[in-house]
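Undergrad: Provided herewith: model.cif, mmCIF, C-alpha atoms.
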```
data_model
loop_
_atom_site.group_PDB
_atom_site.id
_atom_site.type_symbol
_atom_site.label_atom_id
_atom_site.label_comp_id
_atom_site.auth_asym_id
_atom_site.auth_seq_id
_atom_site.Cartn_x
_atom_site.Cartn_y
_atom_site.Cartn_z
ATOM 1 C CA MET J 1 0.000 0.000 0.000
ATOM 2 C CA ILE J 2 1.163 3.491 -0.865
ATOM 3 C CA GLU J 3 0.071 6.436 1.274
ATOM 4 C CA MET J 4 -1.678 9.161 -0.677
ATOM 5 C CA ASP J 5 -2.340 12.848 -0.065
ATOM 6 C CA LEU J 6 -5.528 14.510 -1.210
ATOM 7 C CA ALA J 7 -4.384 17.029 -3.824
ATOM 8 C CA GLY J 8 -7.877 18.385 -4.429
ATOM 9 C CA VAL J 9 -11.228 18.173 -6.111
ATOM 10 C CA ARG J 10 -12.028 19.809 -9.413
ATOM 11 C CA VAL J 11 -14.358 19.716 -12.351
ATOM 12 C CA GLU J 12 -12.728 18.271 -15.450
ATOM 13 C CA LEU J 13 -13.442 20.266 -18.588
ATOM 14 C CA PRO J 14 -15.016 20.003 -21.124
ATOM 15 C CA SER J 15 -17.064 17.131 -19.647
ATOM 16 C CA ASN J 16 -17.857 18.974 -16.387
ATOM 17 C CA GLN J 17 -17.182 15.689 -14.574
ATOM 18 C CA PRO J 18 -15.894 16.089 -10.993
ATOM 19 C CA ILE J 19 -12.666 14.318 -10.082
ATOM 20 C CA VAL J 20 -10.735 13.835 -6.884
ATOM 21 C CA LEU J 21 -6.970 13.843 -7.293
ATOM 22 C CA LEU J 22 -4.731 11.866 -4.938
ATOM 23 C CA LYS J 23 -0.951 12.291 -4.941
ATOM 24 C CA GLU J 24 1.515 9.629 -3.925
ATOM 25 C CA ARG J 25 3.159 10.777 -0.688
ATOM 26 C CA GLY J 26 6.840 11.295 -1.383
ATOM 27 C CA GLY J 27 6.382 10.363 -5.030
ATOM 28 C CA GLU J 28 5.405 11.745 -8.404
ATOM 29 C CA ARG J 29 2.284 9.775 -9.275
ATOM 30 C CA TYR J 30 -1.217 11.197 -9.163
ATOM 31 C CA LEU J 31 -4.380 9.117 -9.095
ATOM 32 C CA PRO J 32 -7.417 10.827 -10.671
ATOM 33 C CA ILE J 33 -10.766 9.305 -9.721
ATOM 34 C CA TRP J 34 -13.952 10.471 -11.394
ATOM 35 C CA ILE J 35 -16.673 10.952 -8.787
ATOM 36 C CA GLY J 36 -20.255 12.147 -8.485
ATOM 37 C CA ALA J 37 -21.215 15.772 -7.976
ATOM 38 C CA ALA J 38 -22.643 15.198 -4.483
ATOM 39 C CA GLU J 39 -19.480 13.458 -3.306
ATOM 40 C CA ALA J 40 -17.304 16.168 -4.860
ATOM 41 C CA ALA J 41 -19.287 18.797 -2.970
ATOM 42 C CA ALA J 42 -19.023 16.776 0.258
ATOM 43 C CA ILE J 43 -15.237 16.496 -0.071
ATOM 44 C CA ALA J 44 -14.779 20.146 -1.072
ATOM 45 C CA LEU J 45 -16.932 21.414 1.806
ATOM 46 C CA ALA J 46 -14.978 19.320 4.316
ATOM 47 C CA LEU J 47 -11.654 20.543 2.897
ATOM 48 C CA GLN J 48 -12.870 24.109 3.335
ATOM 49 C CA GLY J 49 -14.014 23.437 6.893
ATOM 50 C CA VAL J 50 -17.626 24.357 6.108
ATOM 51 C CA VAL J 51 -20.005 23.240 8.839
ATOM 52 C CA THR J 52 -23.579 22.745 7.675
ATOM 53 C CA PRO J 53 -26.536 23.477 9.970
ATOM 54 C CA ARG J 54 -27.495 19.784 9.938
ATOM 55 C CA PRO J 55 -25.162 16.845 9.320
ATOM 56 C CA MET J 56 -24.684 15.803 5.737
ATOM 57 C CA THR J 57 -24.462 12.066 5.012
ATOM 58 C CA HIS J 58 -20.702 11.771 5.563
ATOM 59 C CA ASP J 59 -20.922 13.897 8.720
ATOM 60 C CA LEU J 60 -23.667 11.597 9.982
ATOM 61 C CA LEU J 61 -21.499 8.544 9.313
ATOM 62 C CA LYS J 62 -18.622 10.190 11.192
ATOM 63 C CA ASN J 63 -20.904 10.975 14.129
ATOM 64 C CA ILE J 64 -22.258 7.409 14.266
ATOM 65 C CA LEU J 65 -18.767 5.891 14.194
ATOM 66 C CA GLU J 66 -17.569 8.244 16.944
ATOM 67 C CA GLU J 67 -20.643 7.548 19.098
ATOM 68 C CA MET J 68 -20.049 3.804 18.754
ATOM 69 C CA SER J 69 -16.322 4.169 19.550
ATOM 70 C CA VAL J 70 -15.259 2.899 16.144
ATOM 71 C CA GLU J 71 -11.807 4.045 15.017
ATOM 72 C CA VAL J 72 -11.308 4.378 11.283
ATOM 73 C CA GLN J 73 -7.700 3.340 10.778
ATOM 74 C CA ARG J 74 -7.416 4.033 7.057
ATOM 75 C CA ILE J 75 -9.115 3.868 3.724
ATOM 76 C CA VAL J 76 -7.569 1.966 0.843
ATOM 77 C CA ILE J 77 -8.245 2.251 -2.883
ATOM 78 C CA THR J 78 -8.012 -1.478 -3.490
ATOM 79 C CA GLU J 79 -8.615 -2.090 -7.162
ATOM 80 C CA LEU J 80 -9.678 -0.826 -10.549
ATOM 81 C CA ARG J 81 -11.993 -3.222 -12.312
ATOM 82 C CA GLU J 82 -13.610 -2.468 -15.695
ATOM 83 C CA GLY J 83 -13.083 1.254 -15.209
ATOM 84 C CA THR J 84 -14.514 1.332 -11.668
ATOM 85 C CA PHE J 85 -12.424 2.006 -8.578
ATOM 86 C CA TYR J 86 -13.081 0.065 -5.359
ATOM 87 C CA ALA J 87 -12.137 0.935 -1.797
ATOM 88 C CA VAL J 88 -12.380 -0.388 1.739
ATOM 89 C CA ILE J 89 -12.702 1.415 5.038
ATOM 90 C CA SER J 90 -10.569 -0.302 7.702
ATOM 91 C CA MET J 91 -11.925 0.105 11.231
ATOM 92 C CA ARG J 92 -11.283 -1.090 14.750
ATOM 93 C CA ARG J 93 -13.576 -1.425 17.754
ATOM 94 C CA ASP J 94 -12.956 -3.186 21.066
ATOM 95 C CA GLY J 95 -9.835 -4.866 19.671
ATOM 96 C CA GLU J 96 -11.681 -6.272 16.648
ATOM 97 C CA SER J 97 -10.831 -5.230 13.077
ATOM 98 C CA TYR J 98 -13.433 -4.682 10.377
ATOM 99 C CA GLU J 99 -13.318 -3.827 6.689
ATOM 100 C CA VAL J 100 -16.277 -2.411 4.808
ATOM 101 C CA SER J 101 -16.433 -2.071 1.036
ATOM 102 C CA SER J 102 -17.000 1.476 -0.167
ATOM 103 C CA ARG J 103 -16.951 3.707 -3.177
ATOM 104 C CA PRO J 104 -13.653 5.645 -3.081
ATOM 105 C CA SER J 105 -15.499 8.971 -3.115
ATOM 106 C CA ASP J 106 -17.482 8.113 0.023
ATOM 107 C CA ALA J 107 -14.416 6.715 1.764
ATOM 108 C CA ILE J 108 -12.417 9.863 0.927
ATOM 109 C CA ALA J 109 -15.287 12.130 2.086
ATOM 110 C CA LEU J 110 -15.220 10.278 5.420
ATOM 111 C CA ALA J 111 -11.405 10.288 5.637
ATOM 112 C CA VAL J 112 -11.300 14.070 5.180
ATOM 113 C CA ARG J 113 -13.693 14.525 8.084
ATOM 114 C CA ILE J 114 -11.872 12.249 10.515
ATOM 115 C CA HIS J 115 -8.326 12.835 9.256
ATOM 116 C CA ALA J 116 -7.808 9.169 8.390
ATOM 117 C CA PRO J 117 -4.907 8.242 6.121
ATOM 118 C CA ILE J 118 -5.640 7.347 2.516
ATOM 119 C CA TYR J 119 -3.787 4.553 0.728
ATOM 120 C CA ALA J 120 -3.834 2.983 -2.718
ATOM 121 C CA ASN J 121 -2.646 -0.457 -3.699
ATOM 122 C CA GLU J 122 0.422 -0.455 -5.926
ATOM 123 C CA GLU J 123 -1.494 -2.341 -8.638
ATOM 124 C CA VAL J 124 -4.039 0.499 -8.833
ATOM 125 C CA LEU J 125 -1.302 3.118 -9.080
ATOM 126 C CA SER J 126 0.550 1.120 -11.718
ATOM 127 C CA GLU J 127 -2.588 0.879 -13.824
ATOM 128 C CA ALA J 128 -4.263 4.253 -13.358
ATOM 129 C CA SER J 129 -1.802 6.856 -12.072
ATOM 130 C CA ILE J 130 -0.557 9.780 -14.117
ATOM 131 C CA LEU J 131 2.585 11.861 -13.893
ATOM 132 C CA ILE J 132 2.342 15.616 -13.731
ATOM 133 C CA PRO J 133 5.657 17.136 -14.814
ATOM 134 C CA GLU J 134 7.719 18.903 -12.172
ATOM 135 C CA GLY J 135 8.192 22.626 -12.293
ATOM 136 C CA ASP J 136 5.898 25.329 -13.569
ATOM 137 C CA GLU J 137 3.215 23.005 -14.962
ATOM 138 C CA GLN J 138 2.835 21.212 -11.631
ATOM 139 C CA GLU J 139 2.760 24.454 -9.685
ATOM 140 C CA GLU J 140 0.117 25.846 -12.052
ATOM 141 C CA GLU J 141 -2.014 22.713 -11.663
ATOM 142 C CA VAL J 142 -1.771 22.845 -7.861
ATOM 143 C CA GLU J 143 -2.637 26.549 -7.932
ATOM 144 C CA ARG J 144 -5.714 25.811 -10.065
ATOM 145 C CA PHE J 145 -6.808 23.215 -7.471
ATOM 146 C CA ARG J 146 -6.339 25.765 -4.678
ATOM 147 C CA GLU J 147 -8.339 28.388 -6.560
ATOM 148 C CA PHE J 148 -11.099 25.873 -7.206
ATOM 149 C CA LEU J 149 -11.268 24.882 -3.527
ATOM 150 C CA GLU J 150 -11.357 28.505 -2.423
ATOM 151 C CA ASN J 151 -14.211 29.390 -4.756
ATOM 152 C CA VAL J 152 -16.350 26.213 -4.929
ATOM 153 C CA ARG J 153 -19.920 26.321 -3.645
ATOM 154 C CA PRO J 154 -22.385 23.427 -3.315
ATOM 155 C CA GLU J 155 -24.450 24.964 -6.141
ATOM 156 C CA ASP J 156 -21.507 24.436 -8.508
ATOM 157 C CA PHE J 157 -22.162 20.679 -8.394
ATOM 158 C CA ALA J 158 -25.907 20.809 -9.043
#
```
With the file now loaded, output its structure as structure tokens.

TA:
Amino acid sequence: MIEMDLAGVRVELPSNQPIVLLKERGGERYLPIWIGAAEAAAIALALQGVVTPRPMTHDLLKNILEEMSVEVQRIVITELREGTFYAVISMRRDGESYEVSSRPSDAIALAVRIHAPIYANEEVLSEASILIPEGDEQEEEVERFREFLENVRPEDFA
């Protein structure tokens, strides 16, 4: 497993399809995962620290896990099968370990809220990662992600 950092969420043009971009910690590979608009909004809002008046779905899940004393140890992007990414949420409670299958977008939305580490299997990175050249192009791409995160609103994903 390779630890990943969340580089950001953006809308890919011209398709207007939201993606979440993970970056290999200490490496050069990026893993783009196309996600739904609701999940993109949920991730972006959590990254911005926006607190909604009532819990959104991923906030509710976080609250339930905390109330039941369940520790989320990590999320792992486990495989890419026929163009679809798969993930698991690894948890621990009372000394017992549990793994629950999840869509990567939901797992990442939860991980952002509870500050859980995100991993990807090497096989997934080998198959689906991209390289973003070092230097000005990379800095410009990161700056575009930052600008997007600073200016995104839930209505942008409707």

Undergrad: Would you please work out which residue, of J:Ile2, J:Ile118, J:Leu80, J:Met56, is nearest to Gly26 of chain J when using all atoms listed in the file?

TA: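 Selected residue with least distance to Gly26 of chain J: J:Ile2.
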
Undergrad: Residue by residue, what does the PyMOL selection byres ((chain J and resi 27-31) around 7) grab here? Present the result as a ChimeraX atom specification.

TA: /J:21-26,32-33,125,128-131

Undergrad: Would you write out those residues with C-alpha atoms, as a PDB file, in the coordinates of the input?

TA:
```pdb
ATOM      1  CA  LEU J  21      -6.970  13.843  -7.293  1.00  0.00           C
ATOM      2  CA  LEU J  22      -4.731  11.866  -4.938  1.00  0.00           C
ATOM      3  CA  LYS J  23      -0.951  12.291  -4.941  1.00  0.00           C
ATOM      4  CA  GLU J  24       1.515   9.629  -3.925  1.00  0.00           C
ATOM      5  CA  ARG J  25       3.159  10.777  -0.688  1.00  0.00           C
ATOM      6  CA  GLY J  26       6.840  11.295  -1.383  1.00  0.00           C
ATOM      7  CA  PRO J  32      -7.417  10.827 -10.671  1.00  0.00           C
ATOM      8  CA  ILE J  33     -10.766   9.305  -9.721  1.00  0.00           C
ATOM      9  CA  LEU J 125      -1.302   3.118  -9.080  1.00  0.00           C
ATOM     10  CA  ALA J 128      -4.263   4.253 -13.358  1.00  0.00           C
ATOM     11  CA  SER J 129      -1.802   6.856 -12.072  1.00  0.00           C
ATOM     12  CA  ILE J 130      -0.557   9.780 -14.117  1.00  0.00           C
ATOM     13  CA  LEU J 131       2.585  11.861 -13.893  1.00  0.00           C
TER      14      LEU J 131
END
```

Undergrad: Compile the contact shell of Val88 of chain J as a list in words: residues with an atom at most 6 Å away, counting only C-alpha atoms, same-chain residues fewer than 5 positions apart removed.

TA: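 In the requested format, the answer is Ile75, Val76, Val100, Ser101 and Ser102 of chain J.
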
Undergrad: For the selection you just gave me, I'd like the residues written to a file as a short mmCIF file (atom, residue, chain, number, x, y, z; two decimals), in the coordinates of the input, keeping C-alpha atoms.

TA:
```
data_model
loop_
_atom_site.label_atom_id
_atom_site.label_comp_id
_atom_site.auth_asym_id
_atom_site.auth_seq_id
_atom_site.Cartn_x
_atom_site.Cartn_y
_atom_site.Cartn_z
CA ILE J 75 -9.12 3.87 3.72
CA VAL J 76 -7.57 1.97 0.84
CA VAL J 100 -16.28 -2.41 4.81
CA SER J 101 -16.43 -2.07 1.04
CA SER J 102 -17.00 1.48 -0.17
#
```

Undergrad: Take the PyMOL selection byres ((chain J and resi 79) around 9), apply it to the structure above, and return the hits as a list in words.

TA: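 On the file shown, the PyMOL selection byres ((chain J and resi 79) around 9) covers Ile77, Thr78, Leu80, Arg81, Thr84, Phe85, Tyr86, Ala87, Ala120, Asn121, Glu123 and Val124 of chain J.
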
Undergrad: Would you pick out the contacts of Leu60 of chain J at 12 Å or less, using only C-alpha atoms, so that residues sharing its chain but fewer than 5 positions from it are not included, and give the list as a list in words?

TA: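 Skipping anything fewer than 5 positions along the chain leaves Ala42, Thr52, Arg54, Pro55, Leu65, Glu66, Glu67, Ala109, Leu110, Arg113 and Ile114 of chain J.
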
Undergrad: Using only C-alpha atoms, pick whichever of J:Ile19, J:Val51, J:Met1, J:Leu6 has the shortest atom-to-atom distance to Ala111 of chain J.

TA: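 The shortest atom-to-atom distance to Ala111 of chain J comes from J:Leu6.
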
Undergrad: Step by step, work through what the PyMOL selection byres ((chain J and resi 17) around 10) selects in the shown file, and finish by giving those residues as a ChimeraX atom specification.

TA: /J:10-16,18-19,34-37,40,157

Undergrad: To one decimal in Å, tell me the separation between atom CA of Glu39 of chain J and atom CA of Glu96 of chain J.

TA: 29.1 Å

Undergrad: When you get a chance, write out all heavy atoms for segment 102-113 of chain J, as a CSV table (one decimal), in the frame of the given file.

TA:
```csv
chain,number,residue,atom,x,y,z
J,102,SER,N,-16.5,0.1,0.0
J,102,SER,CA,-17.0,1.5,-0.2
J,102,SER,C,-16.6,2.0,-1.6
J,102,SER,O,-15.7,1.5,-2.2
J,102,SER,CB,-16.4,2.4,0.9
J,102,SER,OG,-16.7,3.7,0.7
J,103,ARG,N,-17.4,3.0,-2.0
J,103,ARG,CA,-17.0,3.7,-3.2
J,103,ARG,C,-15.8,4.6,-2.7
J,103,ARG,O,-15.8,5.1,-1.6
J,103,ARG,CB,-18.1,4.6,-3.7
J,103,ARG,CG,-19.2,3.8,-4.3
J,103,ARG,CD,-20.3,4.7,-4.9
J,103,ARG,NE,-20.7,5.7,-4.0
J,103,ARG,CZ,-21.6,6.7,-4.3
J,103,ARG,NH1,-22.1,6.8,-5.5
J,103,ARG,NH2,-21.9,7.6,-3.4
J,104,PRO,N,-14.8,4.8,-3.5
J,104,PRO,CA,-13.7,5.6,-3.1
J,104,PRO,C,-14.1,7.0,-2.7
J,104,PRO,O,-13.6,7.6,-1.7
J,104,PRO,CB,-12.7,5.7,-4.3
J,104,PRO,CG,-13.0,4.4,-5.0
J,104,PRO,CD,-14.5,4.1,-4.8
J,105,SER,N,-15.1,7.6,-3.4
J,105,SER,CA,-15.5,9.0,-3.1
J,105,SER,C,-16.1,9.1,-1.7
J,105,SER,O,-15.8,10.0,-1.0
J,105,SER,CB,-16.5,9.4,-4.2
J,105,SER,OG,-17.6,8.6,-4.3
J,106,ASP,N,-16.9,8.1,-1.3
J,106,ASP,CA,-17.5,8.1,0.0
J,106,ASP,C,-16.4,7.9,1.1
J,106,ASP,O,-16.4,8.5,2.1
J,106,ASP,CB,-18.6,7.1,0.2
J,106,ASP,CG,-19.8,7.4,-0.7
J,106,ASP,OD1,-20.2,8.6,-0.7
J,106,ASP,OD2,-20.4,6.5,-1.2
J,107,ALA,N,-15.5,7.0,0.8
J,107,ALA,CA,-14.4,6.7,1.8
J,107,ALA,C,-13.5,8.0,1.9
J,107,ALA,O,-13.2,8.3,3.1
J,107,ALA,CB,-13.6,5.5,1.3
J,108,ILE,N,-13.2,8.6,0.9
J,108,ILE,CA,-12.4,9.9,0.9
J,108,ILE,C,-13.2,11.0,1.7
J,108,ILE,O,-12.6,11.7,2.5
J,108,ILE,CB,-12.0,10.3,-0.5
J,108,ILE,CG1,-11.0,9.3,-1.1
J,108,ILE,CG2,-11.4,11.7,-0.4
J,108,ILE,CD1,-10.7,9.4,-2.5
J,109,ALA,N,-14.5,11.1,1.4
J,109,ALA,CA,-15.3,12.1,2.1
J,109,ALA,C,-15.3,11.9,3.6
J,109,ALA,O,-15.2,12.8,4.4
J,109,ALA,CB,-16.7,12.1,1.6
J,110,LEU,N,-15.3,10.6,4.0
J,110,LEU,CA,-15.2,10.3,5.4
J,110,LEU,C,-13.8,10.5,5.9
J,110,LEU,O,-13.6,11.1,7.0
J,110,LEU,CB,-15.6,8.8,5.6
J,110,LEU,CG,-15.5,8.3,7.1
J,110,LEU,CD1,-16.5,9.1,8.0
J,110,LEU,CD2,-15.8,6.8,7.1
J,111,ALA,N,-12.8,10.1,5.2
J,111,ALA,CA,-11.4,10.3,5.6
J,111,ALA,C,-11.1,11.8,5.9
J,111,ALA,O,-10.4,12.1,6.8
J,111,ALA,CB,-10.5,9.7,4.6
J,112,VAL,N,-11.6,12.6,5.0
J,112,VAL,CA,-11.3,14.1,5.2
J,112,VAL,C,-11.9,14.6,6.5
J,112,VAL,O,-11.2,15.4,7.2
J,112,VAL,CB,-11.9,14.9,4.0
J,112,VAL,CG1,-11.9,16.4,4.2
J,112,VAL,CG2,-11.1,14.5,2.7
J,113,ARG,N,-13.0,14.1,6.9
J,113,ARG,CA,-13.7,14.5,8.1
J,113,ARG,C,-13.0,14.0,9.4
J,113,ARG,O,-13.1,14.7,10.4
J,113,ARG,CB,-15.2,14.1,8.1
J,113,ARG,CG,-16.0,14.9,7.1
J,113,ARG,CD,-17.3,14.3,6.8
J,113,ARG,NE,-18.1,15.3,6.0
J,113,ARG,CZ,-18.0,15.6,4.8
J,113,ARG,NH1,-17.0,15.1,4.1
J,113,ARG,NH2,-18.7,16.5,4.2
```
